[in-house]
Structure formats: structure tokens, C-alpha cells
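Structure file work_10.pdb (PDB, C-alpha atoms, pLDDT in the B column) follows.
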```pdb
ATOM      1  CA  MET A1020      31.817  16.220  68.830  1.00 46.00           C
ATOM      2  CA  HIS A1021      33.921  19.363  68.463  1.00 46.00           C
ATOM      3  CA  ARG A1022      36.585  17.333  66.667  1.00 47.00           C
ATOM      4  CA  LEU A1023      33.950  15.862  64.309  1.00 41.00           C
ATOM      5  CA  LEU A1024      32.521  19.301  63.571  1.00 45.00           C
ATOM      6  CA  ARG A1025      35.957  20.669  62.856  1.00 48.00           C
ATOM      7  CA  GLY A1026      36.684  17.783  60.505  1.00 47.00           C
ATOM      8  CA  GLU A1027      33.408  18.328  58.651  1.00 47.00           C
ATOM      9  CA  LEU A1028      34.179  22.019  58.220  1.00 40.00           C
ATOM     10  CA  LEU A1029      37.635  21.240  56.868  1.00 43.00           C
ATOM     11  CA  MET A1030      36.184  18.695  54.449  1.00 46.00           C
ATOM     12  CA  PHE A1031      33.508  21.169  53.278  1.00 42.00           C
ATOM     13  CA  GLY A1032      36.143  23.857  52.806  1.00 46.00           C
ATOM     14  CA  GLY A1033      38.197  21.499  50.667  1.00 47.00           C
ATOM     15  CA  PHE A1034      35.210  20.731  48.458  1.00 41.00           C
ATOM     16  CA  ALA A1035      34.449  24.438  48.073  1.00 43.00           C
ATOM     17  CA  VAL A1036      38.007  25.234  46.968  1.00 41.00           C
ATOM     18  CA  ALA A1037      37.984  22.346  44.503  1.00 43.00           C
ATOM     19  CA  ALA A1038      34.659  23.483  43.046  1.00 40.00           C
ATOM     20  CA  THR A1039      35.921  27.051  42.654  1.00 40.00           C
ATOM     21  CA  VAL A1040      39.055  25.890  40.857  1.00 37.00           C
ATOM     22  CA  THR A1041      36.959  23.710  38.526  1.00 38.00           C
ATOM     23  CA  ILE A1042      34.669  26.616  37.628  1.00 36.00           C
ATOM     24  CA  LEU A1043      37.626  28.855  36.868  1.00 37.00           C
ATOM     25  CA  LEU A1044      39.170  26.200  34.642  1.00 36.00           C
ATOM     26  CA  VAL A1045      36.077  25.639  32.489  1.00 39.00           C
ATOM     27  CA  LEU A1046      35.154  29.288  32.000  1.00 44.00           C
ATOM     28  CA  PRO A1047      36.453  30.960  28.824  1.00 45.00           C
ATOM     29  CA  PRO A1048      39.486  33.256  29.244  1.00 47.00           C
ATOM     30  CA  GLY A1049      38.465  36.740  30.261  1.00 46.00           C
ATOM     31  CA  SER A1050      35.241  35.687  31.978  1.00 44.00           C
ATOM     32  CA  SER A1051      34.604  35.698  35.713  1.00 44.00           C
ATOM     33  CA  ALA A1052      33.452  32.949  38.032  1.00 36.00           C
ATOM     34  CA  GLY A1053      30.231  34.890  38.594  1.00 35.00           C
ATOM     35  CA  SER A1054      29.324  34.750  34.909  1.00 50.00           C
ATOM     36  CA  THR A1055      26.955  31.983  33.841  1.00 58.00           C
ATOM     37  CA  GLN A1056      26.181  33.534  30.462  1.00 91.00           C
ATOM     38  CA  TYR A1057      28.613  31.427  28.440  1.00 94.00           C
ATOM     39  CA  THR A1058      27.416  28.256  26.759  1.00 96.00           C
ATOM     40  CA  GLN A1059      29.453  25.656  24.955  1.00 95.00           C
ATOM     41  CA  SER A1060      29.041  24.831  21.267  1.00 96.00           C
ATOM     42  CA  ALA A1061      30.950  22.817  18.697  1.00 96.00           C
ATOM     43  CA  ALA A1062      32.441  26.103  17.462  1.00 97.00           C
ATOM     44  CA  GLY A1063      33.630  27.141  20.931  1.00 97.00           C
ATOM     45  CA  PRO A1064      32.249  29.143  23.866  1.00 98.00           C
ATOM     46  CA  LEU A1065      29.297  31.381  23.019  1.00 98.00           C
ATOM     47  CA  GLY A1066      29.105  34.550  25.122  1.00 97.00           C
ATOM     48  CA  PRO A1067      26.619  37.366  25.648  1.00 97.00           C
ATOM     49  CA  ALA A1068      28.358  39.649  23.158  1.00 98.00           C
ATOM     50  CA  ASP A1069      28.147  36.917  20.508  1.00 98.00           C
ATOM     51  CA  ARG A1070      24.401  36.535  21.044  1.00 98.00           C
ATOM     52  CA  ASP A1071      23.932  40.306  21.087  1.00 98.00           C
ATOM     53  CA  LEU A1072      25.647  40.573  17.702  1.00 98.00           C
ATOM     54  CA  LEU A1073      23.159  38.173  16.135  1.00 98.00           C
ATOM     55  CA  VAL A1074      20.259  40.131  17.640  1.00 98.00           C
ATOM     56  CA  ARG A1075      21.603  43.477  16.419  1.00 98.00           C
ATOM     57  CA  VAL A1076      22.287  42.294  12.880  1.00 98.00           C
ATOM     58  CA  ARG A1077      18.845  40.701  12.714  1.00 98.00           C
ATOM     59  CA  GLN A1078      17.186  43.938  13.858  1.00 98.00           C
ATOM     60  CA  ALA A1079      19.240  45.964  11.381  1.00 98.00           C
ATOM     61  CA  GLY A1080      17.729  43.978   8.538  1.00 98.00           C
ATOM     62  CA  LEU A1081      14.219  44.318   9.925  1.00 98.00           C
ATOM     63  CA  TRP A1082      14.229  48.066   9.319  1.00 98.00           C
ATOM     64  CA  GLU A1083      16.840  48.566   6.606  1.00 98.00           C
ATOM     65  CA  ILE A1084      15.184  46.210   4.115  1.00 98.00           C
ATOM     66  CA  PRO A1085      11.809  48.030   4.094  1.00 98.00           C
ATOM     67  CA  VAL A1086      13.469  51.457   4.186  1.00 98.00           C
ATOM     68  CA  GLY A1087      15.671  50.461   1.248  1.00 98.00           C
ATOM     69  CA  GLN A1088      12.517  49.466  -0.626  1.00 98.00           C
ATOM     70  CA  TRP A1089      10.903  52.807   0.161  1.00 98.00           C
ATOM     71  CA  ALA A1090      13.914  54.586  -1.332  1.00 98.00           C
ATOM     72  CA  GLN A1091      12.923  53.282  -4.774  1.00 97.00           C
ATOM     73  CA  THR A1092       9.668  55.270  -4.742  1.00 97.00           C
ATOM     74  CA  ARG A1093      10.224  58.024  -2.180  1.00 98.00           C
ATOM     75  CA  ALA A1094      13.760  59.217  -2.924  1.00 98.00           C
ATOM     76  CA  GLU A1095      14.608  61.924  -5.425  1.00 98.00           C
ATOM     77  CA  SER A1096      18.367  61.328  -5.429  1.00 98.00           C
ATOM     78  CA  ALA A1097      19.615  58.620  -7.788  1.00 98.00           C
ATOM     79  CA  SER A1098      22.428  57.741  -5.370  1.00 98.00           C
ATOM     80  CA  VAL A1099      19.922  57.293  -2.532  1.00 98.00           C
ATOM     81  CA  LYS A1100      17.864  54.974  -4.719  1.00 98.00           C
ATOM     82  CA  GLU A1101      20.988  52.976  -5.576  1.00 98.00           C
ATOM     83  CA  THR A1102      22.062  52.796  -1.935  1.00 98.00           C
ATOM     84  CA  GLY A1103      18.587  51.591  -0.987  1.00 98.00           C
ATOM     85  CA  ARG A1104      18.827  48.834  -3.576  1.00 98.00           C
ATOM     86  CA  HIS A1105      22.093  47.611  -2.050  1.00 98.00           C
ATOM     87  CA  LEU A1106      20.568  47.697   1.428  1.00 98.00           C
ATOM     88  CA  VAL A1107      17.744  45.422   0.327  1.00 98.00           C
ATOM     89  CA  GLU A1108      19.977  42.967  -1.529  1.00 98.00           C
ATOM     90  CA  ASP A1109      22.732  42.766   1.075  1.00 98.00           C
ATOM     91  CA  HIS A1110      20.522  42.602   4.155  1.00 98.00           C
ATOM     92  CA  THR A1111      18.284  39.976   2.599  1.00 98.00           C
ATOM     93  CA  LYS A1112      21.321  37.703   2.221  1.00 98.00           C
ATOM     94  CA  LEU A1113      22.769  38.697   5.606  1.00 98.00           C
ATOM     95  CA  ASP A1114      19.431  38.105   7.325  1.00 98.00           C
ATOM     96  CA  GLU A1115      19.305  34.574   5.921  1.00 98.00           C
ATOM     97  CA  ALA A1116      22.789  33.921   7.317  1.00 98.00           C
ATOM     98  CA  THR A1117      21.825  35.467  10.668  1.00 98.00           C
ATOM     99  CA  ARG A1118      18.727  33.332  11.088  1.00 98.00           C
ATOM    100  CA  ALA A1119      20.570  30.176  10.069  1.00 98.00           C
ATOM    101  CA  LEU A1120      23.434  30.757  12.504  1.00 98.00           C
ATOM    102  CA  ALA A1121      21.097  31.767  15.337  1.00 98.00           C
ATOM    103  CA  ALA A1122      19.161  28.525  14.875  1.00 98.00           C
ATOM    104  CA  LYS A1123      22.382  26.513  14.780  1.00 98.00           C
ATOM    105  CA  LEU A1124      23.704  28.081  17.980  1.00 98.00           C
ATOM    106  CA  GLY A1125      20.346  28.164  19.767  1.00 97.00           C
ATOM    107  CA  VAL A1126      20.160  31.959  20.020  1.00 97.00           C
ATOM    108  CA  PRO A1127      16.659  33.514  20.076  1.00 98.00           C
ATOM    109  CA  ILE A1128      16.384  36.519  17.757  1.00 98.00           C
ATOM    110  CA  PRO A1129      13.571  39.076  17.398  1.00 98.00           C
ATOM    111  CA  ASP A1130      11.015  39.403  14.621  1.00 97.00           C
ATOM    112  CA  VAL A1131      10.464  43.142  15.055  1.00 97.00           C
ATOM    113  CA  ALA A1132      12.759  46.158  14.908  1.00 98.00           C
ATOM    114  CA  ASN A1133      13.618  47.892  18.165  1.00 98.00           C
ATOM    115  CA  ALA A1134      11.891  51.052  19.393  1.00 98.00           C
ATOM    116  CA  ASP A1135      14.453  53.464  17.890  1.00 98.00           C
ATOM    117  CA  GLN A1136      14.329  51.739  14.521  1.00 98.00           C
ATOM    118  CA  GLN A1137      10.542  51.820  14.507  1.00 98.00           C
ATOM    119  CA  SER A1138      10.602  55.554  15.190  1.00 98.00           C
ATOM    120  CA  TRP A1139      13.042  56.099  12.294  1.00 98.00           C
ATOM    121  CA  MET A1140      10.786  54.083  10.028  1.00 98.00           C
ATOM    122  CA  ALA A1141       7.785  56.155  11.066  1.00 98.00           C
ATOM    123  CA  GLN A1142       9.727  59.329  10.310  1.00 98.00           C
ATOM    124  CA  LEU A1143      10.836  58.171   6.855  1.00 98.00           C
ATOM    125  CA  SER A1144       7.413  56.777   5.957  1.00 98.00           C
ATOM    126  CA  ALA A1145       6.004  60.299   6.166  1.00 98.00           C
ATOM    127  CA  GLU A1146       8.638  61.869   3.885  1.00 98.00           C
ATOM    128  CA  LYS A1147       9.370  62.117   0.175  1.00 98.00           C
ATOM    129  CA  GLY A1148      11.894  63.822  -2.060  1.00 98.00           C
ATOM    130  CA  PRO A1149      14.808  65.802  -0.597  1.00 98.00           C
ATOM    131  CA  ALA A1150      13.558  65.431   2.993  1.00 98.00           C
ATOM    132  CA  PHE A1151      13.504  61.664   2.637  1.00 98.00           C
ATOM    133  CA  ASP A1152      16.933  61.663   0.988  1.00 98.00           C
ATOM    134  CA  LYS A1153      18.534  63.674   3.772  1.00 98.00           C
ATOM    135  CA  ASP A1154      17.038  61.722   6.663  1.00 98.00           C
ATOM    136  CA  PHE A1155      17.614  58.395   4.919  1.00 98.00           C
ATOM    137  CA  ALA A1156      21.334  59.129   4.554  1.00 98.00           C
ATOM    138  CA  ASN A1157      21.846  60.501   8.061  1.00 98.00           C
ATOM    139  CA  LEU A1158      19.723  58.076  10.060  1.00 98.00           C
ATOM    140  CA  LEU A1159      21.220  55.058   8.330  1.00 98.00           C
ATOM    141  CA  ARG A1160      24.788  56.358   8.486  1.00 98.00           C
ATOM    142  CA  ALA A1161      24.506  56.957  12.234  1.00 98.00           C
ATOM    143  CA  ALA A1162      22.977  53.510  12.770  1.00 98.00           C
ATOM    144  CA  HIS A1163      25.674  51.790  10.724  1.00 98.00           C
ATOM    145  CA  GLY A1164      28.375  53.565  12.698  1.00 97.00           C
ATOM    146  CA  LYS A1165      27.052  52.089  15.940  1.00 96.00           C
ATOM    147  CA  VAL A1166      26.761  48.564  14.539  1.00 96.00           C
ATOM    148  CA  PHE A1167      30.221  48.834  12.974  1.00 97.00           C
ATOM    149  CA  ALA A1168      31.769  49.324  16.425  1.00 95.00           C
ATOM    150  CA  VAL A1169      29.823  46.373  17.862  1.00 96.00           C
ATOM    151  CA  VAL A1170      30.885  44.058  15.040  1.00 98.00           C
ATOM    152  CA  ALA A1171      34.529  45.091  15.406  1.00 97.00           C
ATOM    153  CA  ASN A1172      34.571  44.463  19.156  1.00 97.00           C
ATOM    154  CA  VAL A1173      32.998  41.034  18.831  1.00 98.00           C
ATOM    155  CA  ARG A1174      35.295  40.086  15.940  1.00 98.00           C
ATOM    156  CA  ALA A1175      38.313  41.096  18.005  1.00 98.00           C
ATOM    157  CA  GLY A1176      37.446  39.068  21.090  1.00 97.00           C
ATOM    158  CA  THR A1177      34.984  36.264  20.352  1.00 98.00           C
ATOM    159  CA  ARG A1178      35.981  32.724  21.335  1.00 97.00           C
ATOM    160  CA  ASN A1179      33.504  31.213  18.860  1.00 98.00           C
ATOM    161  CA  SER A1180      34.739  30.366  15.338  1.00 98.00           C
ATOM    162  CA  GLU A1181      31.238  30.574  13.793  1.00 98.00           C
ATOM    163  CA  ILE A1182      30.684  34.040  15.247  1.00 98.00           C
ATOM    164  CA  ARG A1183      34.159  35.093  14.079  1.00 98.00           C
ATOM    165  CA  LYS A1184      33.316  34.097  10.511  1.00 98.00           C
ATOM    166  CA  PHE A1185      29.890  35.757  10.738  1.00 98.00           C
ATOM    167  CA  ALA A1186      31.453  38.973  12.057  1.00 98.00           C
ATOM    168  CA  ASN A1187      33.766  39.066   9.029  1.00 98.00           C
ATOM    169  CA  THR A1188      30.754  38.993   6.718  1.00 98.00           C
ATOM    170  CA  ALA A1189      28.803  41.547   8.747  1.00 98.00           C
ATOM    171  CA  ASN A1190      31.806  43.870   8.879  1.00 98.00           C
ATOM    172  CA  THR A1191      32.108  43.818   5.085  1.00 98.00           C
ATOM    173  CA  VAL A1192      28.410  44.607   4.621  1.00 98.00           C
ATOM    174  CA  VAL A1193      28.312  47.399   7.207  1.00 98.00           C
ATOM    175  CA  LEU A1194      31.445  49.084   5.847  1.00 98.00           C
ATOM    176  CA  LYS A1195      30.078  48.897   2.303  1.00 98.00           C
ATOM    177  CA  HIS A1196      26.828  50.545   3.366  1.00 98.00           C
ATOM    178  CA  MET A1197      28.594  53.276   5.336  1.00 98.00           C
ATOM    179  CA  THR A1198      30.651  54.086   2.243  1.00 98.00           C
ATOM    180  CA  LEU A1199      27.576  54.138  -0.029  1.00 98.00           C
ATOM    181  CA  LEU A1200      25.675  56.399   2.359  1.00 98.00           C
ATOM    182  CA  GLU A1201      28.595  58.804   2.573  1.00 98.00           C
ATOM    183  CA  GLY A1202      28.778  58.739  -1.231  1.00 98.00           C
ATOM    184  CA  THR A1203      25.343  60.321  -1.453  1.00 98.00           C
ATOM    185  CA  GLY A1204      26.900  63.603  -0.313  1.00 98.00           C
ATOM    186  CA  LEU A1205      24.070  64.079   2.188  1.00 98.00           C
ATOM    187  CA  VAL A1206      25.699  62.873   5.414  1.00 98.00           C
ATOM    188  CA  ASP A1207      26.271  65.576   8.023  1.00 98.00           C
ATOM    189  CA  PHE A1208      29.488  64.335   9.624  1.00 97.00           C
ATOM    190  CA  GLY A1209      29.267  67.033  12.284  1.00 97.00           C
ATOM    191  CA  GLU A1210      26.221  65.281  13.727  1.00 95.00           C
ATOM    192  CA  LEU A1211      27.930  61.904  14.100  1.00 95.00           C
ATOM    193  CA  PRO A1212      29.323  60.875  17.510  1.00 92.00           C
ATOM    194  CA  GLU A1213      32.985  61.720  17.914  1.00 93.00           C
ATOM    195  CA  PRO A1214      35.459  58.855  18.346  1.00 91.00           C
ATOM    196  CA  PRO A1215      36.045  57.993  22.014  1.00 87.00           C
ATOM    197  CA  THR A1216      38.897  59.782  23.729  1.00 91.00           C
ATOM    198  CA  PRO A1217      41.936  57.483  23.689  1.00 90.00           C
ATOM    199  CA  SER A1218      43.570  56.433  26.935  1.00 87.00           C
ATOM    200  CA  PRO A1219      46.728  58.368  27.817  1.00 88.00           C
ATOM    201  CA  VAL A1220      49.771  56.818  26.213  1.00 79.00           C
ATOM    202  CA  PRO A1221      52.564  56.154  28.746  1.00 79.00           C
ATOM    203  CA  PRO A1222      55.782  58.013  27.975  1.00 78.00           C
ATOM    204  CA  VAL A1223      58.320  56.072  25.989  1.00 71.00           C
ATOM    205  CA  ALA A1224      61.435  55.354  28.010  1.00 64.00           C
ATOM    206  CA  THR A1225      64.551  56.930  26.532  1.00 60.00           C
ATOM    207  CA  ALA A1226      67.418  54.529  25.961  1.00 56.00           C
ATOM    208  CA  VAL A1227      70.367  55.354  28.193  1.00 57.00           C
ATOM    209  CA  ASP A1228      73.861  55.074  26.734  1.00 55.00           C
ATOM    210  CA  THR A1229      75.850  53.258  29.396  1.00 56.00           C
ATOM    211  CA  ARG A1230      79.109  53.360  27.491  1.00 59.00           C
ATOM    212  CA  ARG A1231      81.960  55.265  29.063  1.00 55.00           C
ATOM    213  CA  GLN A1232      82.516  58.704  27.624  1.00 52.00           C
TER     214      GLN A1232
END
```
In C-alpha cells, write the structure found in this file.
Amino acid sequence: MHRLLRGELLMFGGFAVAATVTILLVLPPGSSAGSTQYTQSAAGPLGPADRDLLVRVRQAGLWEIPVGQWAQTRAESASVKETGRHLVEDHTKLDEATRALAAKLGVPIPDVANADQQSWMAQLSAEKGPAFDKDFANLLRAAHGKVFAVVANVRAGTRNSEIRKFANTANTVVLKHMTLLEGTGLVDFGELPEPPTPSPVPPVATAVDTRRQ
């Protein structure tokens, strides 16, 4: 009986090792065996950061489109009005692309802006003239800066070709809007988050001349 038990344990251990190796082989590079958040699609593995990008871009449109519309009647600055017009046009097109890709990849996306965005909308809905112009430029510039970093990170590391192409489009739109907002002359750059501190760069080894003197 002891011999049988030992044989069963050895057999079970062999199955466990084989299963572990199989899991490691099918997971996308850079993911861990404990992660079950990747799904397969015709365009490649779809990870949590890919799905998060679709959610964030969708939510960006849910508040930037109405705020851009408000700029046409609430803003005093001509450049703010013009920037608002671009927000409406660009995010309407981008939102269509977001919803289409989310449906294709089976990613659920929200129909309401997040809590921060709703608070910004409430703030802007109570303002007109110079106060609206200033807060419009600064709130939107700060928000675009955060999304810009998310888009760049996903574009740099996604394993999914559809998400890679989508990130290219989103990156172009976000950068355009950041530039337009800065062009209003109302952005307080001192209030924006500073770039993260870079990791220490290792010293460069000095080449040693081994020739005889």
C-alpha cells in the first residue's frame, strides 16, 4: 500500500509539473502564471491594460463632448471656443471607434463619466466667461496629460494588434488636444504633475587601452 501511495504521489506530481509548464507556455510574454486576466482574440492576447484603455477613452468622450459643446455658449475666449469645437468633433469620431472595437473584442465599456469627470462637469456647468475659460483649459489639460501617459504605455507594450492601431489613433487625438489647450494661453503649467523621477543611470564603463605604452 505504501508503494502504491508513493507511486500515486509521483504520478500526481508529474501531472502538476506538466500543467504548470503548459500554463506558462500559453500565457503572453511578461504575464505571470497567477494572471487569468488575458483572453485570446484574432488580433492577439487582450490584457487588462488593453481593456482599461478602451474604458478610459470611452469615459473621456463622455465628458469632453458635452463640455466642448458648452464652450460654444459659455466661453469668452475665441481660442477656447475653437478648442471646444475640436473636442466635440474628434471625440465623436473616436467614441465611435472605441465602441466598435470594444464590441469586437468583447470589452464592456461604461455609459457614464467617472466621479472625477462628473465633478468637473458640475464645476464648469456653473461658470461662464473668463472663469469658464480658465477652468476649461486647466481641467482638460490635466486630464489629457493623464490619458496621454496611459495611451503611451499601452501602445508600447500591448500584444494585441487592434489595440496597437487604436492606441495610435488615440495618441494623435490626445496630443492634438493638449496642444490646442496649451495654445489658449490659459494653462497653468506649474499646477501640472511633474514628470516622474527617472531611475538612476548606471555609470558608463570607461574603455581601457590595453596597448603597451
Distance in Å - CA of Gln1091 in chain A versus CA of Glu1201 in chain A: 18.2 Å
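On the file presented, the PyMOL selection byres ((chain A and resi 1063) around 9) picks out Thr1058, Gln1059, Ser1060, Ala1061, Ala1062, Pro1064, Leu1065, Arg1178, Asn1179, Ser1180 and Glu1181 of chain A.
The list of residues with at least one atom within 9 Å of Glu1083 in chain A, based on only C-alpha atoms and without residues fewer than 2 positions apart in the same chain, reads A:Gln1078, A:Ala1079, A:Gly1080, A:Leu1081, A:Pro1085, A:Val1086, A:Gly1087, A:Gln1088, A:Gly1103, A:Leu1106, A:Val1107, A:His1110, A:Gln1136, A:Met1140, A:Leu1159.
Closest approach to Asn1190 in chain A among A:Leu1158, A:Ala1168, A:Leu1120, A:Ala1134 is made by A:Ala1168 (distances from all atoms listed in the file).
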Interatomic distance (Å, one decimal) between CA of Thr1198 in chain A and CA of Pro1067 in chain A: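 These atoms are spaced 29.0 Å apart.
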Nearby residues (only C-alpha atoms) at most 10 Å from Lys1153 in chain A, same-chain spacing under 2 positions excluded, as a list in words: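 Here the qualifying residues turn out to be Ala1094, Ser1096, Val1099, Leu1143, Lys1147, Gly1148, Pro1149, Ala1150, Phe1151, Phe1155, Ala1156, Asn1157, Leu1158, Thr1203, Gly1204, Leu1205, Val1206 and Asp1207 of chain A.
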Writer output for current selection, C-alpha atoms, as a PDB file, in the coordinates of the input:
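After the write, part_16.pdb holds the following:
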```
ATOM      1  CA  ALA A1094      13.760  59.217  -2.924  1.00 98.00           C
ATOM      2  CA  SER A1096      18.367  61.328  -5.429  1.00 98.00           C
ATOM      3  CA  VAL A1099      19.922  57.293  -2.532  1.00 98.00           C
ATOM      4  CA  LEU A1143      10.836  58.171   6.855  1.00 98.00           C
ATOM      5  CA  LYS A1147       9.370  62.117   0.175  1.00 98.00           C
ATOM      6  CA  GLY A1148      11.894  63.822  -2.060  1.00 98.00           C
ATOM      7  CA  PRO A1149      14.808  65.802  -0.597  1.00 98.00           C
ATOM      8  CA  ALA A1150      13.558  65.431   2.993  1.00 98.00           C
ATOM      9  CA  PHE A1151      13.504  61.664   2.637  1.00 98.00           C
ATOM     10  CA  PHE A1155      17.614  58.395   4.919  1.00 98.00           C
ATOM     11  CA  ALA A1156      21.334  59.129   4.554  1.00 98.00           C
ATOM     12  CA  ASN A1157      21.846  60.501   8.061  1.00 98.00           C
ATOM     13  CA  LEU A1158      19.723  58.076  10.060  1.00 98.00           C
ATOM     14  CA  THR A1203      25.343  60.321  -1.453  1.00 98.00           C
ATOM     15  CA  GLY A1204      26.900  63.603  -0.313  1.00 98.00           C
ATOM     16  CA  LEU A1205      24.070  64.079   2.188  1.00 98.00           C
ATOM     17  CA  VAL A1206      25.699  62.873   5.414  1.00 98.00           C
ATOM     18  CA  ASP A1207      26.271  65.576   8.023  1.00 98.00           C
TER      19      ASP A1207
END
```
Atom-to-atom span, CA of Asp1114 in chain A and CA of Glu1095 in chain A, Å: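 According to the coordinates, CA of Asp1114 in chain A and CA of Glu1095 in chain A are separated by 27.4 Å.
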